[in-house]
Amino acid sequence: MIQEKKVSQKEFIFDYYRNNPNRDIEHKEIVPIVTKNWETRYGKKLADPDRAIRSLFEEGKLIKVRIGVYKYDPDFVAKPQAKTFPDNLKKKIFERDNYKCVICGQGQEEGLEIHADHIIPRSRGGQNTLENGQTLCSRHNMLKKNLQQTETGKKMFIRLYELAQKEQDEQLENFTKEILEIYEKYDINGHIDWNK
């Protein structure tokens with residue numbers, strides 16, 4: 001019996017798009033299908049299908065229709081997206097932000113490593129532009145990579161709100177409470193609990 005050659009997970013996922021050309025495919029459609037088919041074929045779990053899809057987009061193989069929806073057009077030829085800001089653009093971002101993290105206000109003077117970060121991530125269509133760049137220290141850059149930018153902000157305001165309550169700073173408490181209520185009003189990051 002000839003054993004089938006194992007393909008990469010990314011190539012396996014790309015096959016699904018190639019077999020469904022010119023069709024908007026949502027994550028909720030493709031992820032369960034390719035996960036099940038991969039496990040059936042190879043007896044293992046598919047590691048990170050979302051990352052593979054983002055990678056295919058960044059390589060110019062998929063077109064992003066909207067968040068969580070991609071399609072394959074065999075006639076579309078795209079340049080792969082540059083993964084990072086070019087050095088001259090990084091310098092402009094750092095200069096504009098005074099070489100300080102836009103979240104904590106600390107930077108190289110305090111001995112912190114700084115990064116040029118995409119406000120809208122490349123995986124969501126964010127471009128390498130000055131307007132889409134911001135300076136983050138390594139700590140806040142890592143937080144943002146693990147969370148969405150709005151999640152990072154909400155967690156920061158929750159911590160500030162709790163601190164204001166502890167220190168009985170009524171002005172800061174009211175300020176942070178109003179911001180957190182706006183998160184609720186627009187149903188942003190509702191999975192992050194905020195105890196009033």
# chains A, B, ... in the order shown; residues from 1 in each chain; ligands from 1
call {"tool": "residues_around", "arguments": {"residues": "stretch 88-102 of chain A", "least_positions_apart": "5", "cutoff": "7 Å", "atoms": "only C-alpha atoms", "output": "list in words"}}
result
Gly107, Gln108, Ile114, Ala116, Leu130, Gly133, Gln134, Thr135, Leu136 and Cys137 of chain A
call {"tool": "write_last_selection", "arguments": {"atoms": "C-alpha atoms", "output": "JSON list (two decimals), in the first residue's frame"}}
result
[["chain", "number", "residue", "atom", "x", "y", "z"],
["A", 107, "GLY", "CA", 10.39, 54.18, 25.88],
["A", 108, "GLN", "CA", 14.07, 54.07, 25.15],
["A", 114, "ILE", "CA", 10.09, 49.85, 21.37],
["A", 116, "ALA", "CA", 6.42, 49.91, 15.38],
["A", 130, "LEU", "CA", 2.21, 56.14, 8.98],
["A", 133, "GLY", "CA", 1.45, 52.75, 12.82],
["A", 134, "GLN", "CA", 2.01, 53.33, 16.52],
["A", 135, "THR", "CA", 4.89, 52.96, 18.93],
["A", 136, "LEU", "CA", 4.50, 50.29, 21.60],
["A", 137, "CYS", "CA", 6.94, 49.04, 24.21]]
call {"tool": "select_by_dssp", "arguments": {"residues": "chain A", "states": "strand (DSSP E or B)", "output": "PDB file with C-alpha atoms, in the first residue's frame"}}
result
ATOM      1  CA  ILE A  25     -15.959  31.728   2.528  1.00  0.00           C
ATOM      2  CA  GLU A  26     -16.508  32.510   6.202  1.00  0.00           C
ATOM      3  CA  ILE A  63      -8.552  38.123  -1.013  1.00  0.00           C
ATOM      4  CA  LYS A  64      -9.966  39.499   2.212  1.00  0.00           C
ATOM      5  CA  VAL A  65     -13.652  40.293   1.703  1.00  0.00           C
ATOM      6  CA  ARG A  66     -14.234  41.431   5.306  1.00  0.00           C
ATOM      7  CA  VAL A  69     -14.304  36.153   5.201  1.00  0.00           C
ATOM      8  CA  TYR A  70     -11.792  35.344   2.445  1.00  0.00           C
ATOM      9  CA  LYS A  71     -11.987  34.096  -1.123  1.00  0.00           C
ATOM     10  CA  LYS A 100       7.565  56.382  23.588  1.00  0.00           C
ATOM     11  CA  GLY A 107      10.386  54.182  25.880  1.00  0.00           C
ATOM     12  CA  ILE A 114      10.090  49.851  21.368  1.00  0.00           C
ATOM     13  CA  HIS A 115       8.288  48.439  18.348  1.00  0.00           C
ATOM     14  CA  ALA A 116       6.422  49.914  15.378  1.00  0.00           C
ATOM     15  CA  ASP A 117       3.003  48.256  15.620  1.00  0.00           C
ATOM     16  CA  HIS A 118       0.123  48.057  13.136  1.00  0.00           C
ATOM     17  CA  GLY A 133       1.455  52.752  12.819  1.00  0.00           C
ATOM     18  CA  GLN A 134       2.013  53.333  16.519  1.00  0.00           C
ATOM     19  CA  THR A 135       4.887  52.957  18.927  1.00  0.00           C
ATOM     20  CA  LEU A 136       4.504  50.286  21.601  1.00  0.00           C
ATOM     21  CA  CYS A 137       6.939  49.038  24.214  1.00  0.00           C
TER      22      CYS A 137
END
call {"tool": "select_by_dssp", "arguments": {"residues": "stretch 34-133 of chain A", "states": "alpha helix (DSSP H)", "output": "MDAnalysis selection string"}}
result
chainID A and resid 34:42 49:58 87:96
call {"tool": "atom_distance", "arguments": {"atom1": "atom CA of A:Glu59", "atom2": "atom CA of A:Lys28"}}
result
21.8 Å
call {"tool": "atom_distance", "arguments": {"atom1": "atom CA of A:Ile67", "atom2": "atom CA of A:Arg51"}}
result
13.4 Å
call {"tool": "closest_residue", "arguments": {"among": "A:Thr152, A:Gln171, A:Asn128, A:Ser138", "to": "A:Gly111", "atoms": "only C-alpha atoms"}}
result
A:Ser138
call {"tool": "atom_distance", "arguments": {"atom1": "atom CA of A:Gly60", "atom2": "atom CA of A:Asp87"}}
result
22.1 Å
call {"tool": "closest_residue", "arguments": {"among": "A:Met156, A:Asp73, A:Phe175, A:Gly68", "to": "A:Cys104", "atoms": "only C-alpha atoms"}}
result
A:Met156
call {"tool": "closest_residue", "arguments": {"among": "A:Ile103, A:Ile192, A:Ile13, A:Lys166", "to": "A:Arg54", "atoms": "only C-alpha atoms"}}
result
A:Ile13
call {"tool": "residues_around", "arguments": {"residues": "A:Val31", "least_positions_apart": "5", "cutoff": "12 Å", "atoms": "only C-alpha atoms", "output": "PyMOL selection string"}}
result
chain A and resi 9-10+12-14+16-17+25-26+36-38+45-53+68-69
